$ cat upload_23.cif   # mmCIF, C-alpha atoms
data_structure
#
loop_
_atom_site.label_atom_id
_atom_site.label_comp_id
_atom_site.auth_asym_id
_atom_site.auth_seq_id
_atom_site.Cartn_x
_atom_site.Cartn_y
_atom_site.Cartn_z
CA MET A 211 0.00 0.00 0.00
CA SER A 212 1.11 3.55 -0.61
CA SER A 213 2.70 5.32 2.32
CA SER A 214 0.83 8.57 1.64
CA SER A 215 -2.46 8.97 3.43
CA LYS A 216 -4.45 8.90 0.18
CA CYS A 217 -4.40 6.11 -2.34
CA GLU A 218 -6.40 4.63 -5.17
CA ILE A 219 -9.05 2.24 -3.91
CA PRO A 220 -10.73 -0.02 -6.48
CA LEU A 221 -14.25 -0.93 -5.39
CA THR A 222 -17.08 -3.01 -6.77
CA VAL A 223 -20.38 -1.51 -5.71
CA ASN A 224 -23.77 -2.68 -6.96
CA GLY A 225 -22.01 -4.65 -9.69
CA GLU A 226 -20.15 -1.62 -11.04
CA LYS A 227 -16.41 -1.08 -10.79
CA TYR A 228 -15.14 2.21 -9.39
CA SER A 229 -11.76 3.62 -8.55
CA VAL A 230 -11.60 6.35 -5.94
CA ILE A 231 -8.74 8.36 -4.51
CA ALA A 232 -9.46 8.39 -0.80
CA ARG A 233 -7.75 8.47 2.57
CA GLN A 234 -6.70 5.05 3.77
CA ALA A 235 -8.44 5.95 7.03
CA ASP A 236 -11.78 6.70 5.32
CA THR A 237 -14.70 4.49 6.26
CA LEU A 238 -16.70 2.72 3.59
CA LEU A 239 -19.73 4.82 4.53
CA PHE A 240 -17.82 8.04 3.87
CA VAL A 241 -16.51 6.84 0.51
CA LEU A 242 -19.91 5.54 -0.63
CA ARG A 243 -21.58 8.84 0.18
CA ASN A 244 -18.89 11.42 -0.53
CA HIS A 245 -16.94 9.84 -3.39
CA LEU A 246 -19.56 7.75 -5.16
CA GLY A 247 -22.66 9.81 -4.38
CA LEU A 248 -24.47 6.76 -3.06
CA THR A 249 -26.33 8.38 -0.18
CA GLY A 250 -28.69 5.49 0.56
CA ALA A 251 -26.53 4.23 3.44
CA LYS A 252 -27.17 6.75 6.20
CA PRO A 253 -24.86 8.20 8.83
CA GLY A 254 -26.62 7.76 12.15
CA CYS A 255 -24.66 7.15 15.33
CA LEU A 256 -21.37 6.55 13.45
CA ASN A 257 -20.63 4.25 16.34
CA GLY A 258 -21.92 0.90 15.10
CA ASP A 259 -25.05 1.03 17.20
CA CYS A 260 -27.93 2.16 14.99
CA GLY A 261 -27.47 0.15 11.77
CA ALA A 262 -28.61 3.00 9.48
CA CYS A 263 -25.41 2.59 7.45
CA THR A 264 -25.84 -1.16 6.85
CA VAL A 265 -24.69 -2.41 3.44
CA LEU A 266 -23.87 -5.89 2.19
CA MET A 267 -20.35 -7.08 1.62
CA ASP A 268 -20.29 -10.36 -0.27
CA LYS A 269 -23.95 -10.72 0.77
CA THR A 270 -23.18 -10.28 4.49
CA PRO A 271 -24.62 -7.24 6.26
CA ILE A 272 -22.00 -4.95 7.74
CA LYS A 273 -22.07 -1.51 9.30
CA SER A 274 -20.29 0.68 6.79
CA CYS A 275 -19.38 3.26 9.46
CA MET A 276 -17.20 0.65 11.16
CA ILE A 277 -15.18 -0.64 8.23
CA LEU A 278 -12.54 1.04 6.12
CA ALA A 279 -13.24 1.49 2.43
CA ILE A 280 -9.83 -0.02 1.73
CA GLU A 281 -10.97 -3.25 3.38
CA ALA A 282 -13.62 -3.61 0.67
CA ILE A 283 -11.03 -4.15 -2.07
CA GLY A 284 -11.83 -7.45 -3.77
CA LYS A 285 -15.28 -7.63 -2.20
CA SER A 286 -18.68 -7.06 -3.73
CA VAL A 287 -20.54 -4.24 -1.98
CA THR A 288 -24.30 -3.82 -2.31
CA THR A 289 -26.10 -0.70 -1.14
CA ILE A 290 -29.81 0.09 -1.11
CA GLU A 291 -29.32 1.62 -4.58
CA GLY A 292 -28.31 -1.84 -5.80
CA LEU A 293 -31.61 -3.46 -4.90
CA ARG A 294 -34.08 -3.38 -7.76
CA ASP A 295 -37.60 -4.00 -6.52
CA ALA A 296 -36.45 -6.73 -4.17
CA PRO A 297 -39.34 -8.50 -2.39
CA ILE A 298 -38.38 -6.92 0.93
CA GLN A 299 -38.68 -3.41 -0.55
CA ARG A 300 -42.22 -4.11 -1.73
CA ALA A 301 -43.05 -5.69 1.63
CA PHE A 302 -41.90 -2.57 3.50
CA VAL A 303 -44.32 -0.50 1.41
CA GLU A 304 -47.21 -2.94 1.78
CA HIS A 305 -46.76 -3.22 5.55
CA PHE A 306 -46.14 0.51 6.18
CA ALA A 307 -42.85 -0.55 7.73
CA PHE A 308 -41.42 2.96 8.00
CA GLN A 309 -42.37 6.42 9.13
CA CYS A 310 -39.62 9.02 8.70
CA GLY A 311 -37.63 6.55 6.60
CA TYR A 312 -34.14 7.44 7.83
CA CYS A 313 -33.40 3.97 9.19
CA THR A 314 -35.17 2.22 6.30
CA PRO A 315 -32.20 1.57 3.96
CA GLY A 316 -30.25 -0.05 6.78
CA PHE A 317 -33.21 -2.15 7.88
CA ILE A 318 -33.93 -3.20 4.30
CA MET A 319 -30.34 -4.27 3.62
CA ASN A 320 -30.22 -6.30 6.82
CA ALA A 321 -33.66 -7.81 6.22
CA HIS A 322 -32.80 -8.55 2.58
CA ALA A 323 -29.68 -10.45 3.69
CA LEU A 324 -31.76 -12.35 6.24
CA VAL A 325 -34.48 -13.51 3.85
CA GLU A 326 -31.94 -14.42 1.16
CA SER A 327 -29.55 -16.30 3.45
CA THR A 328 -32.04 -17.86 5.86
CA PRO A 329 -35.37 -18.43 4.09
CA ASN A 330 -36.58 -20.68 6.92
CA ALA A 331 -35.66 -18.19 9.66
CA SER A 332 -37.45 -18.82 12.94
CA GLU A 333 -38.94 -16.06 15.07
CA PRO A 334 -35.88 -15.89 17.41
CA ILE A 335 -33.57 -15.66 14.39
CA ILE A 336 -35.63 -12.85 12.87
CA GLU A 337 -35.57 -11.04 16.21
CA LYS A 338 -31.84 -11.52 16.60
CA TRP A 339 -31.10 -10.10 13.14
CA LEU A 340 -33.45 -7.15 13.52
CA GLU A 341 -31.88 -6.19 16.86
CA SER A 342 -28.98 -4.81 14.82
CA ASN A 343 -31.01 -1.80 13.67
CA VAL A 344 -32.71 0.99 15.53
CA CYS A 345 -35.90 2.79 14.44
CA ARG A 346 -36.62 5.91 16.48
CA CYS A 347 -40.15 6.04 15.04
CA THR A 348 -40.59 2.53 16.52
CA SER A 349 -41.94 0.81 13.42
CA TYR A 350 -40.60 -2.47 14.75
CA PHE A 351 -43.86 -4.40 14.56
CA GLU A 352 -44.47 -3.44 10.92
CA ILE A 353 -40.85 -4.17 9.99
CA GLU A 354 -41.11 -7.63 11.49
CA GLN A 355 -44.37 -8.20 9.63
CA ALA A 356 -42.72 -7.18 6.37
CA VAL A 357 -39.86 -9.64 6.92
CA LYS A 358 -42.27 -12.43 7.83
CA SER A 359 -44.38 -11.78 4.74
CA VAL A 360 -41.37 -12.23 2.45
CA LEU A 361 -40.35 -15.40 4.25
CA ALA A 362 -43.92 -16.71 3.93
CA GLU A 363 -43.92 -15.91 0.19
CA LYS A 364 -40.65 -17.76 -0.22
CA GLN A 365 -42.01 -20.74 1.68
CA ALA A 366 -45.23 -20.72 -0.38
CA SER A 367 -43.32 -20.64 -3.66
CA LYS A 368 -41.29 -23.65 -2.53
CA ASP A 369 -44.39 -25.71 -1.58
CA MET B 86 -14.89 9.26 10.44
CA VAL B 87 -11.36 8.71 11.69
CA SER B 88 -9.95 12.13 12.48
CA PHE B 89 -6.31 11.33 11.75
CA ASP B 90 -4.52 9.71 8.83
CA PHE B 91 -2.90 6.33 8.75
CA THR B 92 -1.48 3.96 6.22
CA TYR B 93 -3.14 0.59 5.80
CA HIS B 94 -1.12 -2.61 5.42
CA ARG B 95 -2.38 -6.07 4.60
CA PRO B 96 0.30 -8.72 5.29
CA SER B 97 -0.35 -12.26 4.18
CA SER B 98 1.93 -14.06 6.64
CA ILE B 99 2.84 -13.89 10.32
CA GLU B 100 6.46 -13.06 9.49
CA GLU B 101 5.45 -10.24 7.17
CA ALA B 102 3.18 -8.74 9.83
CA VAL B 103 5.85 -8.85 12.53
CA GLN B 104 8.52 -7.40 10.21
CA LEU B 105 6.13 -4.69 9.06
CA PHE B 106 5.44 -3.66 12.65
CA ALA B 107 9.17 -3.43 13.42
CA SER B 108 9.92 -1.57 10.22
CA LEU B 109 7.12 0.96 10.79
CA GLN B 110 8.36 1.51 14.34
CA ARG B 111 11.88 2.11 13.02
CA GLN B 112 10.41 4.78 10.74
CA GLY B 113 9.10 6.53 13.87
CA LYS B 114 5.51 5.48 13.25
CA THR B 115 2.94 4.20 15.73
CA PRO B 116 1.61 1.00 14.19
CA ILE B 117 -1.34 -0.98 15.50
CA TYR B 118 -2.57 -4.46 14.62
CA TYR B 119 -6.07 -4.45 13.20
CA SER B 120 -8.56 -7.27 12.81
CA GLY B 121 -12.31 -6.55 12.76
CA GLY B 122 -11.42 -2.91 13.34
CA THR B 123 -14.73 -1.99 14.94
CA GLU B 124 -13.29 -0.78 18.23
CA ILE B 125 -10.31 0.92 16.60
CA ILE B 126 -12.59 2.90 14.26
CA THR B 127 -15.07 3.70 17.03
CA LEU B 128 -12.43 4.84 19.51
CA SER B 129 -10.44 6.70 16.83
CA ARG B 130 -13.46 8.88 16.23
CA LEU B 131 -13.32 9.83 19.91
CA ASN B 132 -9.52 10.25 19.84
CA LEU B 133 -9.15 7.41 22.32
CA VAL B 134 -6.94 5.42 19.96
CA PHE B 135 -4.17 6.73 17.78
CA ALA B 136 -2.11 5.01 15.11
CA ASP B 137 -0.49 6.24 11.95
CA ALA B 138 -0.24 2.75 10.47
CA VAL B 139 -2.67 -0.16 10.76
CA ILE B 140 -1.65 -3.74 10.05
CA ASP B 141 -4.67 -5.81 9.06
CA ILE B 142 -4.07 -9.41 10.18
CA LYS B 143 -7.32 -10.83 8.76
CA HIS B 144 -5.57 -12.14 5.66
CA ILE B 145 -3.02 -14.23 7.52
CA PRO B 146 -4.15 -17.86 7.06
CA GLU B 147 -3.24 -18.93 10.64
CA CYS B 148 -5.47 -16.16 12.00
CA GLN B 149 -8.41 -17.61 10.07
CA SER B 150 -7.84 -21.21 11.09
CA PHE B 151 -10.63 -23.39 12.35
CA ASP B 152 -9.47 -26.88 13.18
CA ILE B 153 -11.11 -29.41 15.40
CA SER B 154 -9.51 -32.76 16.10
CA GLN B 155 -10.12 -35.43 18.69
CA ASN B 156 -7.89 -33.68 21.19
CA GLN B 157 -7.92 -30.03 20.40
CA LEU B 158 -9.88 -27.09 19.02
CA VAL B 159 -7.89 -24.37 17.29
CA LEU B 160 -9.56 -21.05 16.53
CA GLY B 161 -7.89 -18.28 14.54
CA THR B 162 -8.17 -14.91 16.22
CA ALA B 163 -9.48 -13.24 13.05
CA LEU B 164 -12.58 -15.46 13.00
CA THR B 165 -15.66 -13.31 13.42
CA LEU B 166 -17.99 -13.76 16.35
CA THR B 167 -20.68 -14.82 13.86
CA ALA B 168 -18.37 -17.60 12.64
CA ILE B 169 -17.66 -18.68 16.23
CA GLU B 170 -21.41 -18.77 16.91
CA GLU B 171 -22.42 -20.56 13.72
CA THR B 172 -19.72 -23.22 13.74
CA ASN B 173 -20.60 -23.86 17.40
CA ALA B 174 -17.54 -26.03 17.99
CA PHE B 175 -17.37 -24.83 21.59
CA PRO B 176 -20.99 -24.16 22.62
CA LEU B 177 -20.11 -22.08 25.69
CA LEU B 178 -17.90 -19.77 23.62
CA ALA B 179 -20.55 -19.69 20.88
CA LYS B 180 -23.13 -18.59 23.45
CA ALA B 181 -20.82 -15.90 24.86
CA ALA B 182 -20.02 -14.65 21.34
CA SER B 183 -23.70 -14.58 20.36
CA GLU B 184 -24.50 -12.13 23.16
CA ILE B 185 -21.86 -9.53 22.26
CA ALA B 186 -22.99 -6.37 20.43
CA ASP B 187 -25.56 -7.22 17.73
CA ARG B 188 -25.84 -9.67 14.82
CA THR B 189 -24.52 -7.29 12.16
CA ALA B 190 -21.65 -6.03 14.33
CA ARG B 191 -20.68 -9.64 15.04
CA ASN B 192 -20.08 -10.11 11.30
CA GLN B 193 -17.11 -7.78 11.80
CA ILE B 194 -15.97 -8.18 15.41
CA THR B 195 -13.32 -10.87 15.71
CA LEU B 196 -12.35 -13.22 18.51
CA GLY B 197 -8.91 -11.62 18.86
CA GLY B 198 -10.34 -8.13 18.74
CA ASN B 199 -12.72 -8.94 21.57
CA ILE B 200 -9.96 -10.46 23.71
CA CYS B 201 -7.70 -7.45 23.13
CA GLY B 202 -10.41 -4.80 23.33
CA GLN B 203 -10.04 -1.62 25.36
CA ILE B 204 -13.72 -1.77 26.26
CA PHE B 205 -13.38 -3.93 29.31
CA TYR B 206 -16.18 -6.48 29.03
CA ARG B 207 -14.25 -8.80 26.64
CA GLU B 208 -16.76 -11.58 27.23
CA THR B 209 -15.22 -14.18 24.92
CA VAL B 210 -12.38 -14.38 27.43
CA LEU B 211 -14.65 -15.95 30.05
CA PRO B 212 -15.04 -19.38 28.39
CA LEU B 213 -11.37 -19.32 27.41
CA LEU B 214 -10.37 -18.83 31.06
CA LEU B 215 -12.67 -21.65 32.17
CA VAL B 216 -11.08 -24.22 29.85
CA ASP B 217 -7.48 -23.20 30.61
CA SER B 218 -6.90 -22.42 26.94
CA ASP B 219 -3.56 -21.59 25.36
CA ILE B 220 -2.91 -18.50 23.30
CA VAL B 221 -0.61 -18.50 20.29
CA ILE B 222 1.25 -15.20 20.07
CA ALA B 223 3.48 -13.93 17.29
CA GLY B 224 6.21 -11.39 17.85
CA LYS B 225 9.83 -10.64 17.09
CA SER B 226 10.95 -13.68 19.08
CA GLY B 227 8.82 -15.96 16.91
CA VAL B 228 5.56 -17.77 17.55
CA GLN B 229 4.89 -18.95 21.09
CA GLN B 230 2.09 -20.82 22.77
CA ARG B 231 1.34 -19.62 26.30
CA PRO B 232 -1.36 -20.38 28.90
CA ILE B 233 -4.16 -17.83 28.95
CA HIS B 234 -3.76 -17.43 32.72
CA GLU B 235 -0.24 -16.12 32.09
CA VAL B 236 -1.13 -13.91 29.13
CA PHE B 237 -4.45 -12.55 30.29
CA GLN B 238 -4.37 -10.81 33.64
CA GLN B 239 -7.28 -8.39 33.69
CA SER B 240 -6.30 -7.50 30.13
CA ILE B 241 -4.10 -9.05 27.51
CA GLN B 242 -0.40 -8.71 28.32
CA LEU B 243 1.48 -8.34 25.07
CA GLN B 244 4.88 -6.91 24.29
CA PRO B 245 5.09 -4.21 21.59
CA GLY B 246 4.93 -5.86 18.18
CA GLU B 247 3.14 -9.00 19.41
CA PHE B 248 -0.29 -10.10 18.24
CA LEU B 249 -2.67 -13.00 18.88
CA VAL B 250 -2.72 -15.67 16.20
CA GLN B 251 -4.81 -18.51 17.62
CA VAL B 252 -6.55 -19.86 20.67
CA LYS B 253 -6.20 -23.56 21.46
CA MET B 254 -8.16 -25.66 23.91
CA ASN B 255 -8.45 -29.25 24.97
CA ALA B 256 -11.42 -30.83 23.19
CA ALA B 257 -12.47 -32.66 26.36
CA TYR B 258 -13.82 -29.35 27.72
CA LEU B 259 -16.04 -28.60 24.76
CA THR B 260 -18.94 -30.80 25.81
CA MET B 261 -18.84 -30.28 29.57
CA PRO B 262 -22.01 -28.90 31.24
CA HIS B 263 -22.01 -25.13 31.11
CA VAL B 264 -24.12 -22.01 31.52
CA HIS B 265 -23.57 -18.47 30.24
CA MET B 266 -25.78 -15.70 31.61
CA LYS B 267 -25.59 -12.07 30.52
CA ARG B 268 -27.82 -9.72 32.47
CA ARG B 269 -28.50 -6.25 31.08
CA LYS B 270 -30.38 -3.37 32.63
CA GLN B 271 -32.78 -3.42 29.69
CA GLY B 272 -33.04 -4.74 26.15
CA LYS B 273 -31.23 -7.57 24.48
CA VAL B 274 -28.31 -5.67 22.96
CA GLY B 275 -25.72 -3.76 24.87
CA TYR B 276 -23.26 -3.89 27.69
CA PRO B 277 -23.99 -6.12 30.66
CA LEU B 278 -24.67 -5.37 34.26
CA VAL B 279 -23.01 -8.68 34.90
CA THR B 280 -22.05 -11.65 32.76
CA VAL B 281 -21.19 -15.00 34.28
CA SER B 282 -19.86 -18.06 32.47
CA ALA B 283 -19.78 -21.34 34.34
CA LEU B 284 -18.49 -24.77 33.46
CA LYS B 285 -18.66 -27.98 35.42
CA LYS B 286 -15.65 -30.29 35.25
CA GLY B 287 -16.69 -33.39 37.15
CA ASN B 288 -17.91 -31.99 40.46
CA GLU B 289 -15.80 -28.87 40.19
CA LEU B 290 -17.62 -25.68 39.27
CA ARG B 291 -15.59 -23.05 37.41
CA THR B 292 -16.84 -19.49 37.03
CA ALA B 293 -15.65 -16.39 35.21
CA PHE B 294 -17.11 -12.90 35.36
CA SER B 295 -17.45 -9.75 33.30
CA GLY B 296 -19.12 -6.47 34.26
CA VAL B 297 -18.49 -7.11 37.96
CA CYS B 298 -15.10 -5.39 38.10
CA PRO B 299 -13.53 -3.26 35.32
CA PHE B 300 -11.92 -6.39 33.87
CA PRO B 301 -12.98 -9.99 33.20
CA PHE B 302 -11.67 -12.49 35.72
CA ARG B 303 -11.68 -16.00 37.05
CA SER B 304 -10.84 -16.29 40.75
CA PRO B 305 -9.69 -19.45 42.57
CA LYS B 306 -10.96 -17.94 45.85
CA VAL B 307 -14.43 -17.32 44.44
CA GLU B 308 -14.51 -20.83 43.01
CA GLU B 309 -13.39 -22.36 46.31
CA MET B 310 -16.38 -20.79 48.06
CA LEU B 311 -18.84 -21.72 45.32
CA ASN B 312 -17.59 -25.30 45.49
CA ALA B 313 -18.01 -25.55 49.30
CA ARG B 314 -20.84 -28.00 48.87
CA HIS B 315 -21.24 -28.73 52.56
CA LEU B 316 -22.81 -25.23 52.82
CA PRO B 317 -26.23 -24.14 51.54
CA ILE B 318 -26.21 -22.33 48.17
CA ASP B 319 -26.95 -18.87 49.57
CA ALA B 320 -24.04 -19.10 52.03
CA ARG B 321 -21.70 -20.29 49.27
CA ILE B 322 -22.70 -17.29 47.16
CA ASP B 323 -22.34 -14.83 50.06
CA TYR B 324 -18.85 -16.13 50.88
CA ALA B 325 -17.88 -16.11 47.19
CA LEU B 326 -18.92 -12.48 46.82
CA GLN B 327 -16.62 -11.56 49.69
CA GLN B 328 -13.73 -12.83 47.56
CA LEU B 329 -14.16 -10.57 44.53
CA PRO B 330 -10.79 -9.20 43.39
CA GLU B 331 -11.94 -5.57 43.53
CA PRO B 332 -14.96 -3.62 44.77
CA ILE B 333 -17.93 -4.16 42.52
CA LEU B 334 -18.38 -1.66 39.65
CA ASP B 335 -20.53 1.38 40.24
CA ASP B 336 -21.18 3.24 36.98
CA ILE B 337 -23.82 4.44 34.54
CA GLU B 338 -24.75 0.85 33.59
CA GLY B 339 -25.71 0.11 37.19
CA SER B 340 -24.95 0.96 40.81
CA ALA B 341 -22.77 -1.37 42.86
CA GLU B 342 -25.79 -2.33 44.97
CA TYR B 343 -27.89 -3.20 41.92
CA ARG B 344 -25.07 -5.15 40.31
CA LEU B 345 -24.57 -7.09 43.53
CA PHE B 346 -28.27 -7.93 43.67
CA VAL B 347 -28.24 -9.10 40.03
CA LEU B 348 -24.99 -11.03 40.51
CA LYS B 349 -26.30 -12.89 43.55
CA ASN B 350 -29.42 -13.94 41.69
CA THR B 351 -27.44 -14.90 38.60
CA LEU B 352 -25.13 -17.10 40.65
CA TRP B 353 -28.15 -18.65 42.33
CA ASP B 354 -29.65 -19.47 38.91
CA ILE B 355 -26.36 -20.92 37.68
CA LEU B 356 -25.69 -23.08 40.71
CA THR B 357 -29.24 -24.31 40.74
CA GLU B 358 -29.21 -25.14 37.05
CA LEU B 359 -25.88 -26.94 37.05
CA GLU B 360 -26.46 -28.81 40.30
CA GLU B 361 -30.04 -29.78 39.51
CA ALA B 362 -28.76 -31.31 36.29
CA GLU B 363 -26.83 -33.79 38.46
CA ARG B 364 -30.02 -35.18 39.95
#

$ encode --input "upload_23.cif" --output "C-alpha cells"
Amino acid sequence: MSSSSKCEIPLTVNGEKYSVIARQADTLLFVLRNHLGLTGAKPGCLNGDCGACTVLMDKTPIKSCMILAIEAIGKSVTTIEGLRDAPIQRAFVEHFAFQCGYCTPGFIMNAHALVESTPNASEPIIEKWLESNVCRCTSYFEIEQAVKSVLAEKQASKD
Amino acid sequence: MVSFDFTYHRPSSIEEAVQLFASLQRQGKTPIYYSGGTEIITLSRLNLVFADAVIDIKHIPECQSFDISQNQLVLGTALTLTAIEETNAFPLLAKAASEIADRTARNQITLGGNICGQIFYRETVLPLLLVDSDIVIAGKSGVQQRPIHEVFQQSIQLQPGEFLVQVKMNAAYLTMPHVHMKRRKQGKVGYPLVTVSALKKGNELRTAFSGVCPFPFRSPKVEEMLNARHLPIDARIDYALQQLPEPILDDIEGSAEYRLFVLKNTLWDILTELEEAER
C-alpha cells in the first residue's frame, strides 16, 4: 500500500467497478456517500449502534461506518441503490414498515440479507437479526411483519 | 470518520506482519494491529486510539484457522464472532459470542479483537479462562504458545509488536455442562450489568465474570467458596462475593448495589441449574 495517506481504492459496488482516490483511514460509509454519491446508506450514530449505514459485503450485512473502504477491495458491496424492486422493498411499502424513513435503507439491507440467506428463519432468528437496527419512530412491529411476509412468500413458492 | 490519517497494510503471513510492525516503528511510526477494526474505528473517532499505520491481520491464514480434532480445538483470532457462533464447535464460547454487540456487528468483530479490546467487558475471554486455553502469540521472538492465565491478567499482556494468532483448547472441555448468563439493565443488545460463564468439570464448578469489576476475571478464591458444597447455596454465594478481586463496579450501567443484587441472583440461577442437572 502507498505510504501517503491517500491512495487509489478499487471498489465493486452494486455490480459496477469504481476507482476512488481516498484516505486510507476513510470508512466505507464516507466513501460511498462522498466519493460515489451513493447516499442510501445513512450516517446515524457513526458508532456501530444504529445500523442505518448497513450495506452488504459479499452478501453479508455490515455496518459501513465501522469498516474502512480499503478493506472492501476485492469484495462485492451492495447498497440500497443496488436493490431493484427486491421483495423486501415491496413488503416494507405494503406493511407501512417505515415512518420518517431514515433507518429504512439499513433495515432493508439487513432484512434482505436475512431472507436471502435464511429463508426458513425462525422467530428468534428474525428477532436476533433485527436487533442490529434501531428505528426511532418505533416501526418495529411493521418491519417484522414485512420480513415475515417475504419469508412466507418464499415458503409458499417452494411448496 | 477517523480524524487522523494512517497507512493501511495487509500482510499475508505472520512473518510479514511482525517485520512490518518493526519496520514501521523504526520509521518513527505508531503501528497498531487491526482485525475486525470496529473498536479501533469507534475509539479513533473519539480520539481514544491513535495510530499512523494499521496492520490488518485478517488475511493471515493462521489467523483464520478453524481446526477441530479429537484432542484439540484451534480457533484463529481473526474469526468473526458470527463464525464462532455458527460453527458452534465450543458451545459455551458460541453462546458468549452470540451475546456480544448485535448480529450485524458480530459479522465484523473478531475473537482476537474482543480479547484485546479496550472496552473492558471482553466476554469471549470468560469461556477461554474456564477451559485453561492456550494463546498463540506472534512477535519478534517468533511464535509462542502460552497459557491464557499467564497472558491474560485483567487485560491481555502483550509486548510491543506482538499479536494474537490462535486460541487452542483441549477438546475434552467442549462438551462439559455449562451455563452463560448475561444480564443487562434493559433490552437484548448492549453492555452487561453482569455476565457469568460457568463450566462444570466433574464436580468442580468453574466461574468467570465480566461487568463485575472493570476487567474480566476467574478467581480461585471465588470458586473455592462456590464449590463448598457442605454449605447451603446462599451461604456459598455470600462467601464467594466476599472474595471478589476488587470492589464491585458502580457506573452508569448500574450501581454497585444493583449489580450485587443481580450477581447474587445470577449465581443462584447458575448453581441451581448446574447442580439440579446432576439429579

$ interface_residues --input "upload_23.cif" --of "chain B" --to "chain A" --cutoff "9 Å" --atoms "only C-alpha atoms" --output "PyMOL selection string"
chain B and resi 86-95+121-128+130+141+186-193+273-274

$ residues_around --input "upload_23.cif" --residues "A:Phe351" --least-positions-apart "3" --cutoff "10 Å" --atoms "all atoms listed in the file" --output "list in words"
His305, Phe306, Ala307, Thr348, Glu354, Gln355 and Ala356 of chain A

$ atom_distance --input "upload_23.cif" --atom1 "atom CA of B:Ala102" --atom2 "atom CA of B:Ile142"
7.3 Å

$ residues_around --input "upload_23.cif" --residues "B:Glu308" --least-positions-apart "4" --cutoff "9 Å" --atoms "all atoms listed in the file" --output "list in words"
Glu289, Leu290, Arg291, Thr292, Arg303, Ser304, Asn312, Ala313 and Ala325 of chain B

$ resolve_selection --input "upload_23.cif" --expression "the PyMOL selection byres ((chain B and resi 333) around 8)" --output "ChimeraX atom specification"
/B:297-298,329,331-332,334-335,341,344-345

$ closest_residue --input "upload_23.cif" --among "B:Asp336, B:Glu208, B:Asp219, B:Glu342" --to "B:Gln239" --atoms "only C-alpha atoms"
B:Glu208

$ atom_distance --input "upload_23.cif" --atom1 "atom CA of A:Cys345" --atom2 "atom CA of A:Cys313"
5.9 Å

$ atom_distance --input "upload_23.cif" --atom1 "atom CA of B:Pro96" --atom2 "atom CA of B:Lys143"
8.6 Å

$ resolve_selection --input "upload_23.cif" --expression "the PyMOL selection byres ((chain B and resi 179-183) around 10)" --output "PyMOL selection string"
(chain A and resi 338) or (chain B and resi 165-178+184-188+191+194-196+199+207-212+264-267+280-282)

$ resolve_selection --input "upload_23.cif" --expression "the PyMOL selection byres ((chain B and resi 106) around 9)" --output "list in words"
Glu101, Ala102, Val103, Gln104, Leu105, Ala107, Ser108, Leu109, Gln110, Arg111, Thr115, Pro116, Ile117, Tyr118, Ala138, Ile140, Pro245, Gly246 and Glu247 of chain B

$ residues_around --input "upload_23.cif" --residues "A:Glu326" --least-positions-apart "4" --cutoff "12 Å" --atoms "all atoms listed in the file" --output "list in words"
Leu266, Lys269, Thr270, Pro271, Ala296, Pro297, Ile298, Ile318, Met319, Asn320, Ala321, His322, Asn330, Ala331, Val357, Val360, Leu361, Lys364 and Gln365 of chain A

$ closest_residue --input "upload_23.cif" --among "A:Glu291, A:Leu246, A:Ala323, A:Ser359" --to "A:Glu304" --atoms "all atoms listed in the file"
A:Ser359

$ closest_residue --input "upload_23.cif" --among "A:Leu242, A:Phe317, A:Ile290, A:Gly254" --to "A:Glu352" --atoms "all atoms listed in the file"
A:Phe317

$ closest_residue --input "upload_23.cif" --among "B:Val250, B:Ile241, B:Ile200, B:Ile153" --to "B:Ile222" --atoms "only C-alpha atoms"
B:Val250

$ closest_residue --input "upload_23.cif" --among "A:Phe308, A:Phe302, A:Asp268, A:Gly292" --to "A:Lys358" --atoms "all atoms listed in the file"
A:Phe302
